file entry28.tsv (TSV, C-alpha atoms)
chain	number	residue	atom	x	y	z
A	227	MET	CA	-257.72	-3.11	77.63
A	228	LEU	CA	-254.95	-1.79	75.42
A	229	ASN	CA	-254.15	0.83	78.02
A	230	LYS	CA	-253.93	-1.79	80.74
A	231	LYS	CA	-251.49	-3.80	78.64
A	232	LEU	CA	-249.34	-0.74	78.10
A	233	ILE	CA	-249.24	-0.02	81.81
A	234	LEU	CA	-248.33	-3.63	82.51
A	235	ALA	CA	-245.56	-3.46	79.96
A	236	ALA	CA	-244.27	-0.28	81.53
A	237	ALA	CA	-244.37	-1.83	84.99
A	238	THR	CA	-242.42	-4.84	83.77
A	239	ALA	CA	-239.82	-2.57	82.24
A	240	VAL	CA	-239.42	-0.75	85.54
A	241	ALA	CA	-239.14	-4.02	87.44
A	242	VAL	CA	-236.49	-5.33	85.07
A	243	SER	CA	-234.46	-2.15	85.11
A	244	ALA	CA	-234.69	-1.97	88.90
A	245	GLY	CA	-233.22	-5.49	89.08
A	246	GLY	CA	-232.12	-6.22	92.64
A	247	ALA	CA	-234.40	-3.50	93.96
A	248	LEU	CA	-237.28	-5.97	93.59
A	249	MET	CA	-236.31	-7.54	96.90
A	250	ALA	CA	-236.35	-4.16	98.54
A	251	SER	CA	-240.05	-3.64	97.78
A	252	ALA	CA	-241.02	-5.57	100.90
A	253	GLU	CA	-239.40	-2.88	102.99
A	254	PRO	CA	-241.49	-0.42	104.96
A	255	VAL	CA	-242.60	2.75	103.18
A	256	ASP	CA	-241.80	6.23	104.37
A	257	GLU	CA	-245.29	7.67	104.84
A	258	GLU	CA	-247.46	9.36	107.42
A	259	LEU	CA	-250.75	7.93	108.64
A	260	VAL	CA	-253.46	10.43	109.52
A	261	ILE	CA	-256.89	8.93	110.13
A	262	ASP	CA	-259.60	10.92	108.29
A	263	GLY	CA	-257.09	13.72	107.87
A	264	GLU	CA	-257.61	14.52	111.56
A	265	ILE	CA	-255.91	12.06	113.90
A	266	PRO	CA	-252.16	11.84	113.35
A	267	MET	CA	-250.79	8.41	114.21
A	268	ILE	CA	-247.34	7.59	115.54
A	269	ILE	CA	-246.26	4.76	113.27
A	270	ARG	CA	-242.51	5.16	113.63
A	271	THR	CA	-240.78	6.02	116.89
A	272	LYS	CA	-237.59	5.62	118.87
A	273	ALA	CA	-237.45	2.22	120.54
A	274	PRO	CA	-237.51	1.97	124.36
A	275	GLU	CA	-234.31	1.17	126.21
A	276	GLY	CA	-233.26	-2.47	125.93
A	277	HIS	CA	-235.10	-2.94	122.61
A	278	PRO	CA	-233.25	-4.81	119.85
A	279	PHE	CA	-234.21	-2.16	117.27
A	280	ASP	CA	-233.37	1.54	117.12
A	281	GLU	CA	-236.79	2.35	115.77
A	282	VAL	CA	-240.13	0.59	116.15
A	283	LEU	CA	-242.38	0.57	113.09
A	284	SER	CA	-246.08	-0.06	112.70
A	285	GLY	CA	-247.16	-2.95	110.47
A	286	TRP	CA	-249.10	-0.33	108.48
A	287	LEU	CA	-245.82	0.75	106.87
A	288	TYR	CA	-245.35	-2.73	105.41
A	289	ARG	CA	-248.69	-2.91	103.65
A	290	THR	CA	-249.72	-2.07	100.08
A	291	VAL	CA	-250.95	1.37	99.13
A	292	GLU	CA	-254.57	0.13	98.89
A	293	THR	CA	-254.50	-1.48	102.34
A	294	ARG	CA	-252.93	1.62	103.85
A	295	ALA	CA	-255.64	3.80	102.31
A	296	LEU	CA	-258.40	1.68	103.87
A	297	GLU	CA	-257.04	2.22	107.36
A	298	ALA	CA	-256.60	5.96	106.78
A	299	ASP	CA	-260.32	6.46	106.11
A	300	SER	CA	-262.55	5.37	108.99
A	301	PHE	CA	-265.54	5.28	106.64
A	302	GLN	CA	-263.87	2.69	104.42
A	303	ASN	CA	-262.18	0.74	107.21
A	304	PRO	CA	-264.25	-2.47	107.49
A	305	GLY	CA	-263.08	-2.82	111.11
A	306	MET	CA	-265.25	0.17	112.02
A	307	LEU	CA	-268.35	-2.00	111.51
A	308	TYR	CA	-267.15	-4.07	114.46
A	309	VAL	CA	-266.46	-0.95	116.48
A	310	GLU	CA	-270.11	-0.02	115.93
A	311	ARG	CA	-271.22	-3.50	116.92
A	312	GLY	CA	-269.04	-3.30	120.04
A	313	GLY	CA	-270.68	0.00	120.93
A	314	GLU	CA	-274.07	-1.71	120.85
A	315	ILE	CA	-272.82	-4.49	123.12
A	316	TRP	CA	-271.40	-1.85	125.48
A	317	ASN	CA	-274.94	-0.55	126.03
A	318	THR	CA	-276.69	-3.94	126.17
A	319	VAL	CA	-277.85	-5.22	129.55
A	320	GLU	CA	-276.85	-8.83	130.18
A	321	GLY	CA	-276.64	-11.13	133.19
A	322	ALA	CA	-278.51	-11.53	136.46
A	323	ALA	CA	-277.36	-8.18	137.85
A	324	GLY	CA	-279.23	-6.34	135.09
A	325	LYS	CA	-276.23	-4.27	134.06
A	326	SER	CA	-274.47	-3.31	130.85
A	327	CYS	CA	-270.90	-2.09	130.54
A	328	ALA	CA	-272.32	1.43	130.36
A	329	SER	CA	-274.18	1.02	133.71
A	330	CYS	CA	-270.86	1.31	135.54
A	331	HIS	CA	-268.48	2.81	132.99
A	332	GLY	CA	-270.76	5.37	131.31
A	333	ASP	CA	-269.33	6.99	128.20
A	334	ALA	CA	-266.56	4.75	126.86
A	335	ALA	CA	-264.97	7.70	125.03
A	336	GLU	CA	-264.01	9.06	128.47
A	337	THR	CA	-263.72	6.05	130.73
A	338	MET	CA	-261.95	3.74	128.27
A	339	ALA	CA	-259.72	6.41	126.69
A	340	ALA	CA	-256.51	5.06	128.23
A	341	VAL	CA	-257.31	1.34	128.26
A	342	GLY	CA	-256.14	0.37	124.78
A	343	ALA	CA	-252.74	1.98	125.33
A	344	THR	CA	-252.00	0.65	128.82
A	345	TYR	CA	-253.13	-3.00	128.86
A	346	PRO	CA	-252.07	-5.67	129.75
A	347	LYS	CA	-252.01	-4.66	133.41
A	348	TRP	CA	-251.33	-6.57	136.61
A	349	ASP	CA	-254.33	-8.38	138.08
A	350	ALA	CA	-253.71	-8.53	141.83
A	351	ASP	CA	-256.64	-10.96	142.36
A	352	ALA	CA	-255.51	-13.52	139.82
A	353	LYS	CA	-251.79	-12.78	140.39
A	354	ARG	CA	-251.17	-12.70	136.65
A	355	PRO	CA	-251.40	-10.17	133.83
A	356	ILE	CA	-254.84	-9.23	132.58
A	357	ASN	CA	-255.67	-8.05	129.06
A	358	VAL	CA	-258.79	-6.37	127.71
A	359	GLU	CA	-260.55	-9.65	126.87
A	360	LEU	CA	-259.95	-11.06	130.36
A	361	GLN	CA	-260.94	-7.77	131.99
A	362	ILE	CA	-264.25	-7.88	130.08
A	363	ASP	CA	-264.81	-11.44	131.34
A	364	LYS	CA	-263.93	-10.44	134.89
A	365	CYS	CA	-266.48	-7.65	134.75
A	366	ARG	CA	-269.10	-9.93	133.21
A	367	VAL	CA	-268.69	-12.58	135.90
A	368	ASN	CA	-268.22	-10.38	138.98
A	369	ASN	CA	-270.31	-7.32	138.20
A	370	MET	CA	-272.88	-8.37	135.61
A	371	GLN	CA	-273.30	-11.97	136.78
A	372	ALA	CA	-273.15	-13.02	133.16
A	373	GLU	CA	-271.26	-15.85	131.47
A	374	PRO	CA	-267.69	-15.11	130.37
A	375	TYR	CA	-267.25	-15.09	126.60
A	376	LYS	CA	-265.95	-18.15	124.83
A	377	PHE	CA	-262.56	-17.39	123.30
A	378	ASP	CA	-262.97	-15.46	120.06
A	379	ALA	CA	-266.76	-15.26	120.28
A	380	ALA	CA	-267.95	-12.58	117.83
A	381	GLU	CA	-269.11	-10.43	120.78
A	382	GLN	CA	-265.73	-10.69	122.50
A	383	ARG	CA	-263.90	-9.51	119.41
A	384	ALA	CA	-266.35	-6.69	118.72
A	385	LEU	CA	-266.35	-5.39	122.30
A	386	THR	CA	-262.56	-5.62	122.58
A	387	THR	CA	-262.25	-3.75	119.27
A	388	PHE	CA	-264.64	-1.07	120.50
A	389	ILE	CA	-262.82	-0.60	123.81
A	390	LYS	CA	-259.33	-0.49	122.33
A	391	HIS	CA	-260.55	1.87	119.60
A	392	GLN	CA	-261.26	4.49	122.29
A	393	SER	CA	-257.47	4.89	122.57
A	394	LEU	CA	-257.00	5.48	118.83
A	395	GLY	CA	-253.83	7.51	118.33
A	396	LYS	CA	-252.59	7.26	121.92
A	397	PRO	CA	-249.05	5.87	122.28
A	398	VAL	CA	-248.70	2.41	123.80
A	399	GLU	CA	-247.15	2.65	127.25
A	400	LEU	CA	-247.00	-0.28	129.65
A	401	ASP	CA	-246.26	0.21	133.35
A	402	LEU	CA	-244.06	-2.80	134.05
A	403	SER	CA	-243.64	-1.81	137.71
A	404	GLN	CA	-247.13	-3.10	138.55
A	405	GLY	CA	-247.08	-6.29	140.62
A	406	GLU	CA	-244.88	-8.93	139.05
A	407	LEU	CA	-245.36	-7.68	135.51
A	408	GLN	CA	-241.60	-7.34	135.03
A	409	SER	CA	-241.06	-11.07	135.60
A	410	TRP	CA	-243.84	-11.84	133.08
A	411	TRP	CA	-242.02	-9.56	130.66
A	412	GLU	CA	-238.92	-11.73	131.17
A	413	LYS	CA	-240.99	-14.86	130.59
A	414	GLY	CA	-242.50	-13.34	127.47
A	415	LYS	CA	-239.07	-12.49	126.16
A	416	GLU	CA	-238.06	-16.11	126.62
A	417	VAL	CA	-241.14	-17.27	124.68
A	418	TYR	CA	-240.32	-14.73	121.95
A	419	TYR	CA	-236.83	-16.08	121.40
A	420	THR	CA	-237.63	-19.79	121.83
A	421	ARG	CA	-237.64	-21.74	118.58
A	422	THR	CA	-240.64	-24.07	118.22
A	423	GLY	CA	-242.17	-26.48	115.76
A	424	GLN	CA	-240.93	-28.61	112.93
A	425	LEU	CA	-239.75	-25.47	111.16
A	426	ASN	CA	-237.80	-24.51	114.26
A	427	LEU	CA	-238.74	-20.84	114.20
A	428	SER	CA	-239.01	-18.31	117.00
A	429	CYS	CA	-240.95	-15.03	116.79
A	430	ALA	CA	-237.56	-13.36	116.32
A	431	SER	CA	-236.65	-15.54	113.31
A	432	CYS	CA	-239.24	-13.70	111.24
A	433	HIS	CA	-240.09	-10.44	112.96
A	434	GLU	CA	-236.66	-9.46	114.26
A	435	GLU	CA	-234.16	-10.97	111.83
A	436	ASN	CA	-236.19	-10.85	108.63
A	437	ASN	CA	-238.74	-8.07	108.82
A	438	GLY	CA	-238.89	-6.09	105.60
A	439	LYS	CA	-238.48	-9.28	103.55
A	440	TYR	CA	-240.99	-11.53	101.90
A	441	ILE	CA	-242.32	-14.70	103.46
A	442	ARG	CA	-243.78	-16.28	100.36
A	443	ALA	CA	-246.11	-13.58	99.02
A	444	ASP	CA	-246.48	-11.64	102.28
A	445	HIS	CA	-244.34	-8.96	103.86
A	446	LEU	CA	-242.85	-9.60	107.26
A	447	SER	CA	-243.34	-6.71	109.65
A	448	GLN	CA	-241.78	-6.14	113.05
A	449	GLY	CA	-244.80	-7.92	114.50
A	450	ASN	CA	-245.99	-5.04	116.66
A	451	VAL	CA	-249.41	-5.55	118.21
A	452	ASN	CA	-250.65	-1.95	118.47
A	453	GLY	CA	-253.42	-2.49	115.93
A	454	PHE	CA	-255.18	-5.52	117.46
A	455	PRO	CA	-257.88	-6.68	117.13
A	456	THR	CA	-257.07	-6.24	113.45
A	457	TYR	CA	-259.29	-6.44	110.38
A	458	ARG	CA	-257.72	-8.97	108.04
A	459	PHE	CA	-258.70	-9.57	104.40
A	460	ASN	CA	-257.51	-13.12	104.97
A	461	THR	CA	-260.58	-13.94	107.07
A	462	GLY	CA	-262.76	-10.95	106.22
A	463	GLY	CA	-263.21	-10.20	109.89
A	464	MET	CA	-261.57	-9.18	113.12
A	465	VAL	CA	-258.60	-11.21	114.27
A	466	SER	CA	-257.78	-11.17	117.97
A	467	LEU	CA	-254.22	-11.02	119.23
A	468	HIS	CA	-254.25	-14.48	120.77
A	469	ASN	CA	-255.72	-15.96	117.60
A	470	ARG	CA	-252.85	-14.33	115.69
A	471	TYR	CA	-250.26	-15.75	118.11
A	472	ARG	CA	-251.76	-19.19	117.71
A	473	GLY	CA	-251.77	-18.84	113.92
A	474	CYS	CA	-248.11	-17.86	113.90
A	475	ILE	CA	-247.12	-20.72	116.20
A	476	ARG	CA	-249.23	-23.18	114.20
A	477	ASP	CA	-247.39	-22.06	111.06
A	478	THR	CA	-244.10	-23.11	112.62
A	479	ARG	CA	-245.80	-26.54	112.81
A	480	ALA	CA	-245.78	-26.56	116.58
A	481	GLU	CA	-248.54	-27.37	119.02
A	482	PHE	CA	-249.95	-24.02	120.01
A	483	PRO	CA	-250.79	-22.92	123.55
A	484	ALA	CA	-254.35	-22.12	124.62
A	485	ALA	CA	-255.54	-18.51	124.35
A	486	PHE	CA	-254.83	-16.53	127.53
A	487	SER	CA	-252.50	-19.30	128.80
A	488	ASP	CA	-249.46	-18.24	130.82
A	489	GLU	CA	-247.18	-18.44	127.77
A	490	LEU	CA	-249.38	-16.25	125.62
A	491	MET	CA	-250.15	-13.73	128.39
A	492	ALA	CA	-246.40	-13.37	128.95
A	493	LEU	CA	-245.94	-12.98	125.19
A	494	GLU	CA	-248.63	-10.31	125.15
A	495	VAL	CA	-246.83	-8.34	127.87
A	496	TYR	CA	-243.53	-8.60	125.99
A	497	THR	CA	-244.77	-7.95	122.44
A	498	THR	CA	-246.94	-5.03	123.59
A	499	TRP	CA	-243.83	-3.53	125.20
A	500	ARG	CA	-241.92	-3.98	121.95
A	501	GLY	CA	-244.40	-1.59	120.32
A	502	THR	CA	-243.96	1.06	123.03
A	503	GLY	CA	-244.62	4.54	121.70
A	504	LEU	CA	-246.62	3.46	118.64
A	505	SER	CA	-250.20	4.73	118.43
A	506	VAL	CA	-253.04	2.36	119.15
A	507	GLU	CA	-254.45	1.68	115.64
A	508	THR	CA	-257.38	-0.57	116.52
A	509	PRO	CA	-258.97	-1.52	114.21
A	510	ALA	CA	-255.88	-1.73	112.00
A	511	VAL	CA	-256.33	-3.12	108.47
A	512	ARG	CA	-253.93	-5.83	107.39
A	513	GLN	CA	-253.63	-8.43	104.66
B	144	MET	CA	-274.46	-10.48	111.52
B	145	ALA	CA	-276.82	-7.76	112.60
B	146	ALA	CA	-279.47	-6.37	110.25
B	147	PRO	CA	-278.02	-4.63	107.19
B	148	LYS	CA	-277.40	-0.98	107.90
B	149	PRO	CA	-276.61	1.60	105.23
B	150	ARG	CA	-273.98	4.27	105.75
B	151	VAL	CA	-273.40	7.26	103.51
B	152	LYS	CA	-270.80	10.00	103.53
B	153	ILE	CA	-271.30	13.15	101.45
B	154	PRO	CA	-270.37	16.77	102.15
B	155	LYS	CA	-273.08	18.81	103.91
B	156	SER	CA	-272.65	21.65	101.48
B	157	ALA	CA	-271.02	22.37	98.13
B	158	ALA	CA	-270.62	25.15	95.59
B	159	ALA	CA	-272.92	25.10	92.54
B	160	GLY	CA	-271.39	22.92	89.85
B	161	GLU	CA	-268.97	21.27	92.27
B	162	VAL	CA	-268.16	17.60	91.81
B	163	VAL	CA	-268.70	15.87	95.16
B	164	THR	CA	-267.52	12.44	96.21
B	165	ILE	CA	-270.17	10.10	97.56
B	166	LYS	CA	-269.12	7.14	99.67
B	167	THR	CA	-271.58	4.40	100.59
B	168	LEU	CA	-271.31	1.18	102.52
B	169	ILE	CA	-273.87	-1.31	103.73
B	170	SER	CA	-273.19	-4.04	106.25
B	171	HIS	CA	-274.30	-7.28	104.63
B	172	ASP	CA	-273.02	-10.86	104.60
B	173	MET	CA	-273.34	-11.23	100.79
B	174	GLU	CA	-273.84	-14.98	101.05
B	175	SER	CA	-272.82	-16.10	97.57
B	176	GLY	CA	-274.84	-19.31	97.26
B	177	GLN	CA	-271.63	-21.21	96.52
B	178	ARG	CA	-270.93	-22.34	100.07
B	179	LYS	CA	-272.11	-25.37	101.95
B	180	ASP	CA	-272.85	-25.73	105.65
B	181	LYS	CA	-271.39	-28.38	107.96
B	182	ASP	CA	-273.88	-31.01	106.73
B	183	GLY	CA	-273.07	-30.39	103.07
B	184	ASN	CA	-276.27	-28.47	102.28
B	185	VAL	CA	-275.95	-25.44	100.03
B	186	ILE	CA	-276.36	-22.18	101.93
B	187	PRO	CA	-278.90	-20.25	99.83
B	188	ARG	CA	-277.72	-17.14	98.09
B	189	GLN	CA	-278.60	-13.89	99.80
B	190	ILE	CA	-276.90	-10.82	98.45
B	191	ILE	CA	-277.58	-7.19	97.72
B	192	ASN	CA	-278.37	-7.47	94.01
B	193	LYS	CA	-278.92	-3.82	93.05
B	194	PHE	CA	-277.81	-0.43	94.24
B	195	THR	CA	-279.23	2.90	93.11
B	196	CYS	CA	-278.67	6.55	93.92
B	197	GLU	CA	-280.84	9.43	92.77
B	198	PHE	CA	-280.75	13.16	93.34
B	199	ASN	CA	-284.02	15.10	93.44
B	200	GLY	CA	-285.68	12.22	91.59
B	201	LYS	CA	-283.05	12.00	88.83
B	202	PRO	CA	-280.83	8.92	88.60
B	203	VAL	CA	-277.18	9.52	89.54
B	204	PHE	CA	-275.71	6.05	89.77
B	205	THR	CA	-277.04	2.54	89.53
B	206	CYS	CA	-275.48	-0.88	89.34
B	207	ASP	CA	-276.30	-4.56	89.48
B	208	VAL	CA	-274.39	-6.39	92.16
B	209	GLU	CA	-273.23	-9.96	91.63
B	210	PRO	CA	-272.40	-12.79	94.05
B	211	ALA	CA	-268.64	-12.26	93.75
B	212	ILE	CA	-268.88	-8.86	95.44
B	213	SER	CA	-267.44	-9.04	98.95
B	214	ALA	CA	-269.32	-8.70	102.21
B	215	ASN	CA	-270.21	-5.15	103.26
B	216	PRO	CA	-270.20	-3.75	99.72
B	217	TYR	CA	-268.67	-0.30	99.35
B	218	PHE	CA	-269.44	2.04	96.45
B	219	GLU	CA	-267.76	5.34	95.83
B	220	PHE	CA	-268.70	7.65	92.97
B	221	THR	CA	-268.89	11.34	92.13
B	222	ALA	CA	-271.72	13.64	91.13
B	223	LYS	CA	-271.94	17.24	89.98
B	224	VAL	CA	-274.44	19.19	92.08
B	225	MET	CA	-276.10	22.31	90.64
B	226	GLU	CA	-278.79	22.88	93.28
B	227	SER	CA	-279.67	22.00	96.86
B	228	GLY	CA	-281.49	18.75	97.26
B	229	THR	CA	-281.58	15.23	98.60
B	230	PHE	CA	-279.67	12.15	97.59
B	231	LYS	CA	-281.72	8.97	97.91
B	232	PHE	CA	-279.95	5.64	98.11
B	233	ALA	CA	-281.45	2.15	97.85
B	234	TRP	CA	-279.97	-1.31	98.24
B	235	VAL	CA	-282.13	-4.24	97.08
B	236	ASP	CA	-281.74	-7.53	98.95
B	237	ASP	CA	-282.39	-11.00	97.45
B	238	ASN	CA	-284.99	-11.50	100.17
B	239	GLY	CA	-287.10	-8.72	98.64
B	240	GLU	CA	-286.29	-6.05	101.17
B	241	THR	CA	-285.00	-2.65	100.14
B	242	TYR	CA	-282.80	-0.68	102.50
B	243	THR	CA	-282.91	3.06	101.94
B	244	HIS	CA	-281.09	6.13	103.10
B	245	GLU	CA	-281.50	9.84	102.39
B	246	GLN	CA	-279.11	12.69	102.82
B	247	ALA	CA	-279.50	16.37	101.98
B	248	ILE	CA	-276.85	18.63	100.51
B	249	GLU	CA	-276.95	22.41	100.51
B	250	VAL	CA	-275.64	24.23	97.47
B	251	LYS	CA	-274.40	27.74	98.17

call {"tool": "encode", "arguments": {"input": "entry28.tsv", "output": "structure tokens"}}
result
Amino acid sequence: MLNKKLILAAATAVAVSAGGALMASAEPVDEELVIDGEIPMIIRTKAPEGHPFDEVLSGWLYRTVETRALEADSFQNPGMLYVERGGEIWNTVEGAAGKSCASCHGDAAETMAAVGATYPKWDADAKRPINVELQIDKCRVNNMQAEPYKFDAAEQRALTTFIKHQSLGKPVELDLSQGELQSWWEKGKEVYYTRTGQLNLSCASCHEENNGKYIRADHLSQGNVNGFPTYRFNTGGMVSLHNRYRGCIRDTRAEFPAAFSDELMALEVYTTWRGTGLSVETPAVRQ
Amino acid sequence: MAAPKPRVKIPKSAAAGEVVTIKTLISHDMESGQRKDKDGNVIPRQIINKFTCEFNGKPVFTCDVEPAISANPYFEFTAKVMESGTFKFAWVDDNGETYTHEQAIEVK
């Protein structure tokens, strides 16, 4: 106990002497992320052309040392439990056609290796972008003759986590030349910069103009989406990207769009592009 | 949540007298008994209440686990190994079940 007090006293002394530097502690750290000491992750890279930043940074760099350590060890990462669960779903037969994901796609480690880094893609049938969740539903309906998942069903989050995890470490790279994806990128950009809600905030108000600062007790990151679905301590479970969008928009005290609506699909295209070159971190660990 | 499943990570081999790190995790809801369901009824407590680890029959680590411990409890500890043998782990559930896991280590 005495020791603890001493350490506290020392910490206070440092904080006082550092003075203005206190504000700076919300800034990203300068560290490397290597999962299990084996898989090096790109968490800091040169931004693509037309990006407002010079460098894109993973949200991992904005987290505390304890949170960062959890993600670096796949044994400790609680998100890996959902990867395991997703792997079970992958092999489970469902629907009238008597198929599982594995019936067509075989070993996910091979067939899904690029998926997490390259979605959303253009869906020529629906004439709109398609993300991993919607692709799973499309497969379930057309090929398995099963029901699509309800938004944010536990199975949907686990399977999406499992599939995106197969791309762990691969750099995010969208092909915007597919179909009309470029125009959805433009739409997404508009959504990103549009102020909404009683607080009159756009995505950019926090994640572009104020990243590296505190928002109440939390650190604002650049808002890159390369780690979704993400394990959050906040809910003690996996948080899907569209749930996160809705949470952010709700916090501006605006009405929030439905998951997978045109607005949010456009935003997914645009925000995924903003993280171009960062490694897929699914399941990332965040506050 | 699916049935509780233990996971253990220890080195496959070690030098005699080496201190090895043992990491364990079990998937479990750890329902605290403090929560209520939609109708206002208390959700009964169901947690892992005890965790033990022994090596070749000798206790290595044991602890009581309380309701405030989070879901999917994770324990990490160290042990000095002098000889080859088997670590045995046990998690005791409030419902009376015990989940066990064994893992061998070779001492060179």

call {"tool": "atom_distance", "arguments": {"input": "entry28.tsv", "atom1": "CA of Gly313 in chain A", "atom2": "CA of Phe232 in chain B"}}
result
25.3 Å

call {"tool": "interface_residues", "arguments": {"input": "entry28.tsv", "of": "chain A", "to": "chain B", "cutoff": "10 Å", "atoms": "all atoms listed in the file", "output": "list of chain:residue names"}}
result
A:Phe301, A:Gln302, A:Pro304, A:Leu307, A:Arg311, A:Ala380, A:Gly462, A:Gly463

call {"tool": "residues_around", "arguments": {"input": "entry28.tsv", "residues": "range 499-509 of chain A", "least_positions_apart": "2", "cutoff": "7 Å", "atoms": "all atoms listed in the file", "output": "NGL selection string"}}
result
:A and (267-271 or 274 or 277 or 282 or 284 or 305-306 or 342-343 or 387 or 390-391 or 393-400 or 450-457 or 495-497 or 511)

call {"tool": "write_last_selection", "arguments": {"input": "entry28.tsv", "atoms": "C-alpha atoms", "output": "PDB file, in the frame of the given file"}}
result
ATOM      1  CA  MET A 267    -250.790   8.410 114.210  1.00  0.00           C
ATOM      2  CA  ILE A 268    -247.340   7.590 115.540  1.00  0.00           C
ATOM      3  CA  ILE A 269    -246.260   4.760 113.270  1.00  0.00           C
ATOM      4  CA  ARG A 270    -242.510   5.160 113.630  1.00  0.00           C
ATOM      5  CA  THR A 271    -240.780   6.020 116.890  1.00  0.00           C
ATOM      6  CA  PRO A 274    -237.510   1.970 124.360  1.00  0.00           C
ATOM      7  CA  HIS A 277    -235.100  -2.940 122.610  1.00  0.00           C
ATOM      8  CA  VAL A 282    -240.130   0.590 116.150  1.00  0.00           C
ATOM      9  CA  SER A 284    -246.080  -0.060 112.700  1.00  0.00           C
ATOM     10  CA  GLY A 305    -263.080  -2.820 111.110  1.00  0.00           C
ATOM     11  CA  MET A 306    -265.250   0.170 112.020  1.00  0.00           C
ATOM     12  CA  GLY A 342    -256.140   0.370 124.780  1.00  0.00           C
ATOM     13  CA  ALA A 343    -252.740   1.980 125.330  1.00  0.00           C
ATOM     14  CA  THR A 387    -262.250  -3.750 119.270  1.00  0.00           C
ATOM     15  CA  LYS A 390    -259.330  -0.490 122.330  1.00  0.00           C
ATOM     16  CA  HIS A 391    -260.550   1.870 119.600  1.00  0.00           C
ATOM     17  CA  SER A 393    -257.470   4.890 122.570  1.00  0.00           C
ATOM     18  CA  LEU A 394    -257.000   5.480 118.830  1.00  0.00           C
ATOM     19  CA  GLY A 395    -253.830   7.510 118.330  1.00  0.00           C
ATOM     20  CA  LYS A 396    -252.590   7.260 121.920  1.00  0.00           C
ATOM     21  CA  PRO A 397    -249.050   5.870 122.280  1.00  0.00           C
ATOM     22  CA  VAL A 398    -248.700   2.410 123.800  1.00  0.00           C
ATOM     23  CA  GLU A 399    -247.150   2.650 127.250  1.00  0.00           C
ATOM     24  CA  LEU A 400    -247.000  -0.280 129.650  1.00  0.00           C
ATOM     25  CA  ASN A 450    -245.990  -5.040 116.660  1.00  0.00           C
ATOM     26  CA  VAL A 451    -249.410  -5.550 118.210  1.00  0.00           C
ATOM     27  CA  ASN A 452    -250.650  -1.950 118.470  1.00  0.00           C
ATOM     28  CA  GLY A 453    -253.420  -2.490 115.930  1.00  0.00           C
ATOM     29  CA  PHE A 454    -255.180  -5.520 117.460  1.00  0.00           C
ATOM     30  CA  PRO A 455    -257.880  -6.680 117.130  1.00  0.00           C
ATOM     31  CA  THR A 456    -257.070  -6.240 113.450  1.00  0.00           C
ATOM     32  CA  TYR A 457    -259.290  -6.440 110.380  1.00  0.00           C
ATOM     33  CA  VAL A 495    -246.830  -8.340 127.870  1.00  0.00           C
ATOM     34  CA  TYR A 496    -243.530  -8.600 125.990  1.00  0.00           C
ATOM     35  CA  THR A 497    -244.770  -7.950 122.440  1.00  0.00           C
ATOM     36  CA  VAL A 511    -256.330  -3.120 108.470  1.00  0.00           C
TER      37      VAL A 511
END

call {"tool": "axis_aligned_box", "arguments": {"input": "entry28.tsv", "around": "range 460-463 of chain A", "padding_each_side": "3 Å", "output": "JSON"}}
result
{"center_x": -260.4, "center_y": -12.1, "center_z": 107.4, "size_x": 11.7, "size_y": 9.7, "size_z": 10.9}

call {"tool": "atom_distance", "arguments": {"input": "entry28.tsv", "atom1": "CA of Glu314 in chain A", "atom2": "CA of Gln382 in chain A"}}
result
12.4 Å

call {"tool": "atom_distance", "arguments": {"input": "entry28.tsv", "atom1": "CA of Glu258 in chain A", "atom2": "CA of Asp280 in chain A"}}
result
18.8 Å

call {"tool": "closest_residue", "arguments": {"input": "entry28.tsv", "among": "A:Pro254, A:Gly312, A:Pro483, A:Gly263", "to": "Phe388 in chain A", "atoms": "all atoms listed in the file"}}
result
A:Gly312

call {"tool": "closest_residue", "arguments": {"input": "entry28.tsv", "among": "B:Cys206, B:Val224, B:Ile191, B:Ala146", "to": "Lys251 in chain B", "atoms": "all atoms listed in the file"}}
result
B:Val224

call {"tool": "residues_near_point", "arguments": {"input": "entry28.tsv", "point": "(-258.1, -5.0, 127.3)", "cutoff": "7 Å", "atoms": "only C-alpha atoms", "output": "list in words"}}
result
Val341, Gly342, Tyr345, Pro346, Asn357, Val358, Glu359, Gln361, Thr386 and Lys390 of chain A

call {"tool": "residues_around", "arguments": {"input": "entry28.tsv", "residues": "range 201-205 of chain B", "least_positions_apart": "4", "cutoff": "9 Å", "atoms": "all atoms listed in the file", "output": "list of chain:residue names"}}
result
B:Lys193, B:Phe194, B:Thr195, B:Cys196, B:Glu197, B:Phe220, B:Thr221, B:Ala222, B:Phe230

call {"tool": "residues_around", "arguments": {"input": "entry28.tsv", "residues": "range 409-417 of chain A", "least_positions_apart": "4", "cutoff": "12 Å", "atoms": "all atoms listed in the file", "output": "MDAnalysis selection string"}}
result
chainID A and resid 276:278 346:348 353:356 400:405 421:422 427:430 471 475 483 487:500

call {"tool": "residues_near_point", "arguments": {"input": "entry28.tsv", "point": "(-276.4, -24.5, 96.2)", "cutoff": "6 Å", "atoms": "only C-alpha atoms", "output": "list in words"}}
result
Gly176, Gln177 and Val185 of chain B

call {"tool": "residues_around", "arguments": {"input": "entry28.tsv", "residues": "range 323-326 of chain A", "least_positions_apart": "3", "cutoff": "10 Å", "atoms": "all atoms listed in the file", "output": "list in words"}}
result
Ile315, Trp316, Asn317, Thr318, Val319, Glu320, Ser329, Cys330, His331, Gly332, Cys365, Arg366, Val367, Asn368, Asn369, Met370, Gln371 and Ala372 of chain A

call {"tool": "closest_residue", "arguments": {"input": "entry28.tsv", "among": "B:Met225, B:Val235, B:Ile153, B:Ile186", "to": "Ile165 in chain B", "atoms": "only C-alpha atoms"}}
result
B:Ile153
